[in-house]
Structure formats: structure tokens, C-alpha cells
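Colleague: For reference, this is query.csv, and it has CSV, C-alpha atoms.
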chain,number,residue,atom,x,y,z
D,19,MET,CA,107.3,114.1,101.8
D,20,GLY,CA,109.0,117.5,101.7
D,21,GLU,CA,109.7,119.5,104.9
D,22,ASP,CA,106.1,120.6,105.3
D,23,GLY,CA,104.2,119.1,102.4
D,24,VAL,CA,103.7,116.3,99.9
D,25,THR,CA,105.5,116.2,96.6
D,26,ILE,CA,103.1,115.4,93.8
D,27,GLU,CA,105.0,114.3,90.6
D,28,PHE,CA,103.4,114.1,87.2
D,29,LEU,CA,104.9,111.8,84.6
D,30,SER,CA,103.8,112.4,81.0
D,31,LYS,CA,102.9,109.6,78.6
D,32,GLU,CA,105.8,110.6,76.5
D,33,LYS,CA,108.2,110.0,79.3
D,34,LEU,CA,106.6,106.6,80.2
D,35,THR,CA,106.2,105.2,76.6
D,36,ASP,CA,109.8,104.3,76.2
D,37,GLN,CA,110.1,102.5,79.5
D,38,GLN,CA,109.6,98.9,80.2
D,39,PHE,CA,107.1,98.2,83.0
D,40,ASP,CA,109.7,96.8,85.4
D,41,GLU,CA,111.6,100.1,85.1
D,42,LYS,CA,108.5,102.1,85.7
D,43,LEU,CA,107.7,99.9,88.7
D,44,ASP,CA,111.1,100.4,90.2
D,45,ILE,CA,110.9,104.2,89.8
D,46,VAL,CA,107.4,104.3,91.3
D,47,LEU,CA,108.3,102.3,94.3
D,48,GLU,CA,111.5,104.2,94.9
D,49,LYS,CA,109.7,107.6,94.8
D,50,VAL,CA,106.7,106.4,96.8
D,51,GLN,CA,109.0,105.3,99.6
D,52,GLU,CA,110.3,108.9,99.6
D,53,ASN,CA,106.6,109.8,100.1
D,54,ALA,CA,105.9,111.4,96.7
D,55,VAL,CA,102.6,110.8,95.1
D,56,LEU,CA,103.0,110.0,91.4
D,57,VAL,CA,100.4,110.8,88.7
D,58,LEU,CA,101.2,108.7,85.6
D,59,GLU,CA,99.5,109.7,82.4
D,60,GLU,CA,98.7,106.1,81.4
D,61,ALA,CA,96.4,103.3,82.6
D,62,TRP,CA,97.9,100.1,84.0
D,63,THR,CA,96.6,96.7,83.1
D,64,PRO,CA,95.2,94.5,85.9
D,65,GLU,CA,98.3,92.3,85.6
D,66,GLU,CA,100.5,95.3,86.1
D,67,LYS,CA,98.5,96.5,89.1
D,68,SER,CA,98.8,93.1,90.7
D,69,GLU,CA,102.6,93.3,90.1
D,70,LEU,CA,102.5,96.7,91.9
D,71,ILE,CA,100.7,95.1,94.8
D,72,GLN,CA,103.1,92.1,94.9
D,73,SER,CA,106.3,94.2,94.6
D,74,SER,CA,105.1,96.7,97.2
D,75,MET,CA,104.3,93.8,99.6
D,76,GLU,CA,107.8,92.5,99.2
D,77,GLN,CA,109.2,95.8,100.3
D,78,VAL,CA,106.9,96.4,103.3
D,79,ASP,CA,108.7,97.1,106.5
D,80,GLU,CA,108.1,99.1,109.7
D,81,ASP,CA,108.7,102.4,107.8
D,82,PHE,CA,106.9,101.5,104.5
D,83,PRO,CA,103.4,100.0,104.9
D,84,GLY,CA,102.7,99.7,101.2
D,85,VAL,CA,100.8,101.8,98.7
D,86,GLU,CA,97.5,103.2,97.7
D,87,PHE,CA,96.7,103.6,94.1
D,88,LEU,CA,93.9,104.9,92.0
D,89,GLY,CA,93.1,104.4,88.3
D,90,LEU,CA,91.1,106.2,85.8
D,91,ASP,CA,90.9,103.7,83.0
D,92,ALA,CA,89.1,103.6,79.7
D,93,GLY,CA,85.8,102.1,80.3
D,94,ASN,CA,84.3,98.7,79.7
D,95,THR,CA,82.1,99.6,76.7
D,96,ARG,CA,82.3,97.5,73.6
D,97,LEU,CA,84.2,100.3,71.9
D,98,ASP,CA,86.8,100.4,74.7
D,99,LYS,CA,87.2,96.6,74.5
D,100,ALA,CA,87.5,96.7,70.7
D,101,LYS,CA,90.2,99.4,71.0
D,102,ARG,CA,92.1,97.3,73.6
D,103,LEU,CA,91.9,94.3,71.3
D,104,VAL,CA,93.2,96.3,68.3
D,105,TYR,CA,96.1,97.6,70.3
D,106,GLN,CA,97.0,94.2,71.8
D,107,LYS,CA,96.5,92.0,68.6
D,108,PHE,CA,97.6,94.4,65.8
D,109,LEU,CA,99.9,96.9,67.4
D,110,ASN,CA,101.3,94.5,70.1
D,111,GLU,CA,101.0,97.1,72.8
D,112,GLU,CA,98.6,98.0,75.7
D,113,TYR,CA,95.8,100.5,75.3
D,114,ARG,CA,96.8,103.0,78.0
D,115,ARG,CA,94.4,105.9,77.8
D,116,GLY,CA,93.8,106.9,81.4
D,117,LEU,CA,95.7,107.9,84.6
D,118,THR,CA,97.3,105.9,87.4
D,119,ILE,CA,98.0,107.6,90.7
D,120,VAL,CA,100.3,105.8,93.3
D,121,GLY,CA,101.4,106.9,96.7
D,122,ASN,CA,102.6,105.7,100.1
D,123,SER,CA,99.6,104.5,102.1
D,124,ARG,CA,100.6,106.7,105.0
D,125,VAL,CA,100.3,109.7,102.8
D,126,MET,CA,97.1,108.9,100.8
D,127,GLU,CA,93.9,108.8,102.8
D,128,LYS,CA,90.1,109.0,102.4
D,129,ILE,CA,90.3,107.5,98.9
D,130,LYS,CA,87.1,107.8,96.9
D,131,GLU,CA,86.7,106.1,93.6
D,132,GLU,CA,84.0,106.2,91.1
D,133,LYS,CA,84.3,105.0,87.5
D,134,ASP,CA,85.1,108.6,86.2
D,135,THR,CA,86.2,110.4,89.3
D,136,VAL,CA,88.8,109.7,92.0
D,137,SER,CA,90.0,111.7,95.0
D,138,PHE,CA,92.2,111.4,98.0
D,139,LEU,CA,93.5,113.4,101.0
D,140,ALA,CA,97.2,113.9,101.0
D,141,LYS,CA,98.2,113.7,104.6
D,142,LEU,CA,101.1,115.7,106.1
D,143,GLU,CA,103.6,113.8,108.1
D,144,ASP,CA,103.0,115.6,111.4
D,145,GLU,CA,99.3,114.8,111.2
D,146,SER,CA,100.0,111.1,110.6
D,147,ASN,CA,101.8,110.5,113.9
E,18,MET,CA,88.5,80.0,77.5
E,19,ILE,CA,88.2,76.9,75.3
E,20,SER,CA,91.4,75.4,76.7
E,21,ARG,CA,90.2,76.1,80.2
E,22,LEU,CA,86.9,74.5,79.6
E,23,LYS,CA,88.7,71.4,78.1
E,24,LYS,CA,90.8,71.2,81.2
E,25,LEU,CA,87.7,71.4,83.4
E,26,ILE,CA,85.9,68.7,81.4
E,27,SER,CA,89.0,66.6,81.4
E,28,ASN,CA,89.3,67.0,85.2
E,29,LEU,CA,85.6,66.1,85.6
E,30,PHE,CA,86.1,62.7,84.0
E,31,SER,CA,89.6,61.8,85.1
E,32,GLY,CA,88.6,60.5,88.5
E,33,SER,CA,92.0,61.5,89.9
E,34,GLY,CA,92.1,63.5,93.1
E,35,LYS,CA,95.0,65.5,91.7
E,36,ASP,CA,92.8,66.8,88.9
E,37,ASP,CA,89.9,68.0,91.0
E,38,ILE,CA,88.8,71.6,90.2
E,39,GLY,CA,90.5,74.2,92.4
E,40,ILE,CA,88.2,76.9,93.4
E,41,GLY,CA,89.8,80.0,95.0
E,42,ILE,CA,87.9,82.2,97.4
E,43,TYR,CA,89.2,85.7,96.7
E,44,GLY,CA,88.4,89.2,98.1
E,45,PRO,CA,89.6,92.0,100.3
E,46,PRO,CA,90.4,91.5,104.0
E,47,ASN,CA,87.3,91.0,106.2
E,48,ALA,CA,84.9,90.3,103.3
E,49,GLY,CA,84.0,86.9,104.8
E,50,LYS,CA,86.2,84.5,102.8
E,51,SER,CA,87.1,82.3,105.8
E,52,THR,CA,83.5,82.4,107.1
E,53,LEU,CA,82.3,81.2,103.7
E,54,ALA,CA,85.1,78.5,103.5
E,55,ASN,CA,84.1,77.3,107.0
E,56,GLN,CA,80.4,77.3,106.1
E,57,ILE,CA,81.0,75.2,103.0
E,58,SER,CA,83.5,72.9,104.8
E,59,GLN,CA,81.3,72.4,107.8
E,60,ASP,CA,78.3,71.7,105.6
E,61,LEU,CA,80.1,69.1,103.5
E,62,THR,CA,82.7,67.6,105.7
E,63,GLY,CA,81.7,68.6,109.3
E,64,GLU,CA,85.0,70.4,109.8
E,65,ASP,CA,86.2,74.0,109.8
E,66,MET,CA,89.1,74.9,107.5
E,67,SER,CA,90.1,78.4,108.6
E,68,ASP,CA,90.3,80.6,111.7
E,69,VAL,CA,88.0,83.6,111.7
E,70,SER,CA,88.6,86.9,113.4
E,71,GLU,CA,87.6,90.6,113.5
E,72,VAL,CA,91.3,91.5,113.2
E,73,PRO,CA,92.2,91.9,109.5
E,74,HIS,CA,94.5,89.4,107.8
E,75,GLU,CA,93.6,86.5,110.1
E,76,THR,CA,94.2,84.2,107.1
E,77,ARG,CA,97.9,84.8,106.2
E,78,ALA,CA,98.5,81.6,104.1
E,79,VAL,CA,96.4,79.8,101.6
E,80,GLU,CA,94.1,77.3,103.5
E,81,LYS,CA,93.2,74.2,101.5
E,82,LYS,CA,90.4,71.7,101.8
E,83,GLU,CA,90.7,68.9,99.3
E,84,LYS,CA,88.0,66.6,97.9
E,85,VAL,CA,85.0,68.6,98.9
E,86,THR,CA,82.0,67.2,97.0
E,87,ILE,CA,79.0,69.5,96.3
E,88,GLU,CA,75.7,68.3,95.0
E,89,SER,CA,72.9,70.0,93.1
E,90,GLU,CA,69.2,69.4,93.7
E,91,ASP,CA,69.1,67.3,90.5
E,92,GLY,CA,71.8,65.0,91.8
E,93,ARG,CA,74.8,66.3,89.9
E,94,THR,CA,78.0,66.3,91.9
E,95,LEU,CA,81.4,68.0,91.6
E,96,ASP,CA,84.6,67.3,93.5
E,97,LEU,CA,86.4,70.5,94.5
E,98,ASN,CA,89.6,71.6,96.1
E,99,LEU,CA,88.6,74.6,98.1
E,100,LEU,CA,91.2,77.3,98.6
E,101,ASP,CA,90.7,80.0,101.2
E,102,MET,CA,93.0,82.9,100.1
E,103,PRO,CA,94.5,85.6,102.3
E,104,GLY,CA,92.7,88.9,101.8
E,105,ILE,CA,94.4,91.0,99.1
E,106,SER,CA,95.2,94.6,100.1
E,107,THR,CA,97.8,97.2,98.9
E,108,ASN,CA,99.2,97.9,102.3
E,109,VAL,CA,99.8,96.2,105.6
E,110,ASP,CA,100.6,98.6,108.5
E,111,PHE,CA,101.6,96.9,111.7
E,112,LYS,CA,100.1,99.9,113.6
E,113,ASP,CA,96.6,98.8,112.5
E,114,PHE,CA,97.1,95.6,114.4
E,115,THR,CA,98.2,97.4,117.6
E,116,GLU,CA,94.9,99.3,117.4
E,117,HIS,CA,93.2,95.9,117.7
E,118,GLY,CA,95.1,95.2,121.0
E,119,LEU,CA,98.2,93.3,119.7
E,120,GLU,CA,101.6,94.0,121.2
E,121,GLU,CA,104.0,95.8,118.9
E,122,GLU,CA,106.2,92.8,118.2
E,123,GLN,CA,103.2,90.6,117.7
E,124,ALA,CA,101.8,93.2,115.3
E,125,LYS,CA,105.0,93.4,113.3
E,126,GLY,CA,105.1,89.6,113.0
E,127,ARG,CA,101.5,89.5,111.8
E,128,ALA,CA,102.2,92.2,109.3
E,129,LYS,CA,105.2,90.3,107.9
E,130,GLU,CA,103.1,87.2,107.5
E,131,ALA,CA,100.2,89.1,106.0
E,132,THR,CA,102.5,90.5,103.2
E,133,LYS,CA,103.7,87.0,102.4
E,134,GLY,CA,100.1,85.8,102.3
E,135,ILE,CA,99.1,88.5,99.8
E,136,VAL,CA,102.0,87.6,97.5
E,137,GLU,CA,101.0,83.9,97.7
E,138,ALA,CA,97.3,84.7,96.9
E,139,ILE,CA,98.4,86.7,93.9
E,140,LYS,CA,100.6,83.9,92.6
E,141,TYR,CA,97.7,81.4,93.0
E,142,LEU,CA,95.8,83.4,90.4
E,143,ASP,CA,97.7,81.3,87.9
E,144,ASP,CA,96.7,78.0,89.4
E,145,VAL,CA,93.0,78.2,90.2
E,146,ASP,CA,90.3,76.9,87.8
E,147,ALA,CA,87.5,79.0,89.0
E,148,CYS,CA,86.9,81.7,91.6
E,149,LEU,CA,84.4,82.9,94.1
E,150,VAL,CA,85.1,86.7,94.6
E,151,ILE,CA,83.4,87.8,97.8
E,152,PHE,CA,82.7,91.4,98.9
E,153,ASP,CA,81.3,92.8,102.0
E,154,SER,CA,78.0,94.4,100.8
E,155,THR,CA,78.0,97.0,103.6
E,156,GLU,CA,81.2,98.4,102.0
E,157,ASP,CA,81.9,100.2,98.7
E,158,PRO,CA,83.1,97.5,96.4
E,159,TYR,CA,84.5,99.8,93.7
E,160,THR,CA,88.2,99.9,94.9
E,161,GLN,CA,91.4,99.4,92.9
E,162,VAL,CA,92.1,96.1,94.8
E,163,ASN,CA,88.7,94.7,93.8
E,164,VAL,CA,89.0,95.9,90.3
E,165,THR,CA,92.5,94.4,90.1
E,166,ILE,CA,91.4,91.0,91.4
E,167,ILE,CA,88.4,90.9,88.9
E,168,GLY,CA,90.5,92.2,86.0
E,169,ASN,CA,93.2,89.6,86.5
E,170,LEU,CA,90.7,86.8,86.6
E,171,GLU,CA,89.0,88.2,83.4
E,172,ALA,CA,92.4,88.5,81.7
E,173,LYS,CA,93.1,84.8,82.5
E,174,ASP,CA,89.6,83.7,81.4
E,175,ILE,CA,89.0,82.2,84.8
E,176,PRO,CA,85.3,81.7,85.5
E,177,ILE,CA,84.1,84.1,88.3
E,178,LEU,CA,81.1,84.1,90.6
E,179,VAL,CA,80.8,87.4,92.5
E,180,LEU,CA,79.2,87.1,96.0
E,181,ALA,CA,77.7,90.0,97.8
E,182,ASN,CA,78.2,88.8,101.4
E,183,LYS,CA,76.8,90.0,104.8
E,184,THR,CA,73.3,90.4,103.6
E,185,ASP,CA,72.1,89.7,107.2
E,186,LEU,CA,73.4,93.2,108.2
E,187,ASP,CA,71.0,96.1,108.1
E,188,ASP,CA,73.2,98.4,106.0
E,189,ALA,CA,74.0,95.7,103.4
E,190,ASP,CA,73.5,97.0,99.8
E,191,PRO,CA,74.2,94.2,97.3
E,192,GLU,CA,73.1,96.6,94.5
E,193,ARG,CA,76.4,98.4,94.9
E,194,VAL,CA,78.2,95.2,94.1
E,195,ARG,CA,76.0,94.7,91.0
E,196,ASP,CA,76.7,98.3,89.9
E,197,ALA,CA,80.4,98.0,90.4
E,198,PHE,CA,80.7,94.8,88.4
E,199,PRO,CA,77.8,94.7,86.0
E,200,GLN,CA,79.7,92.3,83.7
E,201,HIS,CA,79.3,89.5,86.2
E,202,PRO,CA,76.4,87.7,87.9
E,203,VAL,CA,76.1,88.5,91.6
E,204,LEU,CA,74.8,86.1,94.2
E,205,GLU,CA,73.6,87.6,97.5
E,206,ILE,CA,74.7,85.5,100.5
E,207,SER,CA,75.2,85.6,104.2
E,208,ALA,CA,78.2,83.3,104.8
E,209,LYS,CA,77.7,83.7,108.6
E,210,GLU,CA,74.0,82.7,108.6
E,211,GLY,CA,74.4,80.2,105.7
E,212,GLU,CA,71.9,82.0,103.6
E,213,ASN,CA,71.8,81.1,99.9
E,214,ILE,CA,74.7,78.6,100.2
E,215,ASP,CA,72.6,75.9,98.5
E,216,LYS,CA,72.1,78.3,95.7
E,217,LEU,CA,75.8,78.8,95.6
E,218,TYR,CA,76.4,75.1,95.1
E,219,GLU,CA,73.8,75.1,92.3
E,220,GLU,CA,75.6,78.0,90.6
E,221,ILE,CA,79.0,76.4,90.8
E,222,ILE,CA,77.7,73.1,89.4
E,223,GLU,CA,75.8,75.0,86.7
E,224,ARG,CA,78.9,76.9,85.6
E,225,LEU,CA,81.5,74.1,85.9
E,226,THR,CA,79.7,71.0,84.5
The structure in this file should be written as C-alpha cells.

Modeller:
Amino acid sequence: MGEDGVTIEFLSKEKLTDQQFDEKLDIVLEKVQENAVLVLEEAWTPEEKSELIQSSMEQVDEDFPGVEFLGLDAGNTRLDKAKRLVYQKFLNEEYRRGLTIVGNSRVMEKIKEEKDTVSFLAKLEDESN
Amino acid sequence: MISRLKKLISNLFSGSGKDDIGIGIYGPPNAGKSTLANQISQDLTGEDMSDVSEVPHETRAVEKKEKVTIESEDGRTLDLNLLDMPGISTNVDFKDFTEHGLEEEQAKGRAKEATKGIVEAIKYLDDVDACLVIFDSTEDPYTQVNVTIIGNLEAKDIPILVLANKTDLDDADPERVRDAFPQHPVLEISAKEGENIDKLYEEIIERLT
């Protein structure tokens, strides 16, 4: 968190495309522990999300309680599933249309998720104590 | 999916305790996983298998009950190893436990154990043969944690039965669970009251035999 606010950082898909997932995860967890909220222009797979949970749990301590994250993913229609399959089988990469938002759970509150809309309240430090 | 089915069929006819089908009970904290595990275990063995509490993260390590035999109305049986998983969440703040009356040191210890339990539960996703994914039907089930649990199981082709729990409560709304995960069948239960547990056994046997 800045002196009197929350830093929200947007990472474009161009920046993310060339990075391995482990690298992205390290960057995300480092910045989240500095209380930034990251908006990534890509969807994460369920396996990657569980790695995020696992890695954040391994870093939990008295000052860092873990993360909150939100995802706006491509849907579950047959067309979406077909696109995912084509990307995985023929292009050997993940279909990443969507957004992933990750932040420190002491910063992100009142999270609301629907399939096509997400929202949260970014909490200022002095209000969280 | 085919290899998993072969493994299940092979397990069914092997007669070896080691090869019994492992069923994991997954879900977020306080969804009723341990209440369900105890309901099944009491029903079939006369013993509890997990402690239950209003304080989140009461189960902080995987609890196992081996060789639990369920039987359908038509006499089919299935031997299971039942695995009560720690609740999966994205954060564990020791301050939440102090709000439930725990001393600070106690709360910090509980938080540490809870984080280890969550990691263990995630690692077990590679070892279970089938899963009961249980949600509190008084809460909104469409959360990233729940989507992540279901998505991981789908990616691994692990058979899933979704349970909308706490139907004994006035504000239960199992339809929200159906709407959140329309790709899976949903069984309404009250683990606390034992409602629809016989139906649960039928569903498990129907899917795994």
C-alpha cells in the first residue's frame, strides 16, 4: 500500500506472454506482499490457481495472511471448450482470454463474483487496523 | 477418464485393502465436511472420524477412515477409504481466530497448522479417485476457491458429486449451487440431520460401480 492508498498495477498480456508461470507467480506474490493489487490481462487455469493458493499458504505469516483473487475467464460453452482444446492440443499453449486479479487479503474486501462481473473494496491500511 | 475407470474397476475386483477407492470430501471451511464425514462414519462404523467446530479450520490435517463399506438398496456394496480434507481457502489470518476467543499465541499456531492443511488438501487432489464437493447452501457458492477446486478435479477427470449442504436451515438455497455449477449433478443434503445420506450412498455406488 502507498502512504495513503492502494497501488493497482495492470500487467498486459504482451508482458505476461513471454514469462513462465513460476516467474509470474513469484512476481505476483512479491508485489501482493507489498500490498499492491495486480490486474493481469490473462486467465489462469485451475491448476495455476491452486498453485497460487499453495504458494501463498507457504508464505503466510503474521504480516501476510494470504491472498484474495478474482477471475474473469472465458465461459464454459462448447465454443469456449473447443477453443481451449485447440489451443492446448494444436498450439500447445493455454487459452488465456480473460482477467486475473490478485491482492493481499488484508487489502481486498467485500468480494463479489458473478460469471461476467467481479468487484471488490480496496481497503486502506488505517481502516484495516 | 478411461484410465481412471480402469483403475476403479481394477480396484473393485482386487480385494486388497490398499486398493480401496479413496473418496475425498472437499469444500471451503465450514461447509460441513467433517459433519458429513462423521455422519457417514457413525452410520457405517459407529465411530466419529473428525472434530467439528464453529471456529473455521477445525480440520487442519487430512483425516482418514479406511475400509468403510457402503451398500445400496439393491445390495451392491463398495469399500471406500474416506478422506476428510481441511477446508481450502486463499488466506488464513490469525486475527480471525482471536475473534472466536482464542489467545493470540493459540491463534497463530492454529493459523500455521491451517496453512499446512490447505497445502496437504491441494496435494491430495492427485491421489483421490473420486470427490464429494460440499458447499454451504446458505452461502454464495460462486467463489474462486470453489471454482478452483471444481476446475482442478475436472482437469484431472476425477468423478465429482456436488453436495448442497445445510438444507435444514431456513435460508438455504440449493438452486444457487446448481446455477454455479450446472455441469455437475447436485444432491441436496443436511449432513447435520442426516437427510439424504442414503441417497448419497446410492449416488456413489451408481457412479463408481

Colleague: Dump as a list of chain:residue names the residues of chain E that approach chain D to within 7 Å, counting all atoms listed in the file.

Modeller: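 Residues satisfying the distance criterion: E:Thr107, E:Asn108, E:Val109, E:Asp110, E:Thr132, E:Val136, E:Tyr159, E:Thr160, E:Gln161, E:Thr165, E:Gly168, E:Asn169.
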
Colleague: Could you give me, as a list in words, the residues within 10 Å of Phe28 (chain D), counting only C-alpha atoms and dropping anything in the same chain fewer than 3 positions from it?

Modeller: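 Once the adjacent positions are removed, what remains is Thr25, Lys31, Val55, Leu56, Val57, Leu58, Glu59 and Ile119 of chain D.
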
Colleague: Got a sec: who's within 7 Å of region 195-208 of chain E, counting only C-alpha atoms, leaving out chain neighbours fewer than 6 positions off, as number ranges by chain?

Modeller: E: 49, 52-53, 56, 158-159, 178-185, 214

Colleague: Take CA of Ile222 (chain E) and CA of Pro103 (chain E) and report the distance between them in Å, one decimal.

Modeller: 24.6 Å

Colleague: What's the 12 Å shell around Glu122 (chain E), counting only C-alpha atoms, without same-chain residues fewer than 5 positions away, as a ChimeraX atom specification?

Modeller: /D:80 /E:111-112,114-115,127-129

Colleague: For CA of Gln37 (chain D) and CA of Val136 (chain D), quote the distance in Å rounded to one decimal.

Modeller: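 Computing the Euclidean distance for CA of Gln37 (chain D) and CA of Val136 (chain D) yields 25.7 Å.
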
Colleague: Distance cut-off 9 Å, centre (86.4, 64.8, 96.8) in file coordinates, counting all atoms listed in the file: which residues qualify? Return them as a ChimeraX atom specification.

Modeller: /E:34,37,83-87,95-98

Colleague: What gap, in Å, lies between CA of Lys140 (chain E) and CA of Leu99 (chain E)?

Modeller: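 Between these atoms lies a distance of 16.1 Å.
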
Colleague: Could you pull out every residue with an atom within 7 Å of (97.2, 87.5, 100.2), file coordinates, counting all atoms listed in the file, and send them as a list in words?

Modeller: Arg77, Met102, Pro103, Gly104, Ile105, Ala131, Thr132, Lys133, Gly134, Ile135, Val136, Glu137, Ala138 and Ile139 of chain E

Colleague: E:Ile221, E:Leu61, E:Ala147, E:Ile38: which is nearest Leu170 (chain E), counting all atoms listed in the file?

Modeller: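 Closest to Leu170 (chain E), using all atoms listed in the file: E:Ala147.
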
Colleague: Would you list the contacts of Leu139 (chain D) as a list in words, taking every protein, DNA or RNA residue within 7 Å and counting all atoms listed in the file, but skipping same-chain residues closer than 6 positions in sequence?

Modeller: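 In the requested form, the answer reads Met126, Glu127 and Lys128 of chain D.
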
Colleague: Ile177 (chain E): which residues within 7 Å, counting only C-alpha atoms, same-chain residues fewer than 5 positions away excluded, as a list in words?

Modeller: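 Surrounding residues, per the criterion: Ala147, Cys148, Leu149 and Val150 of chain E.
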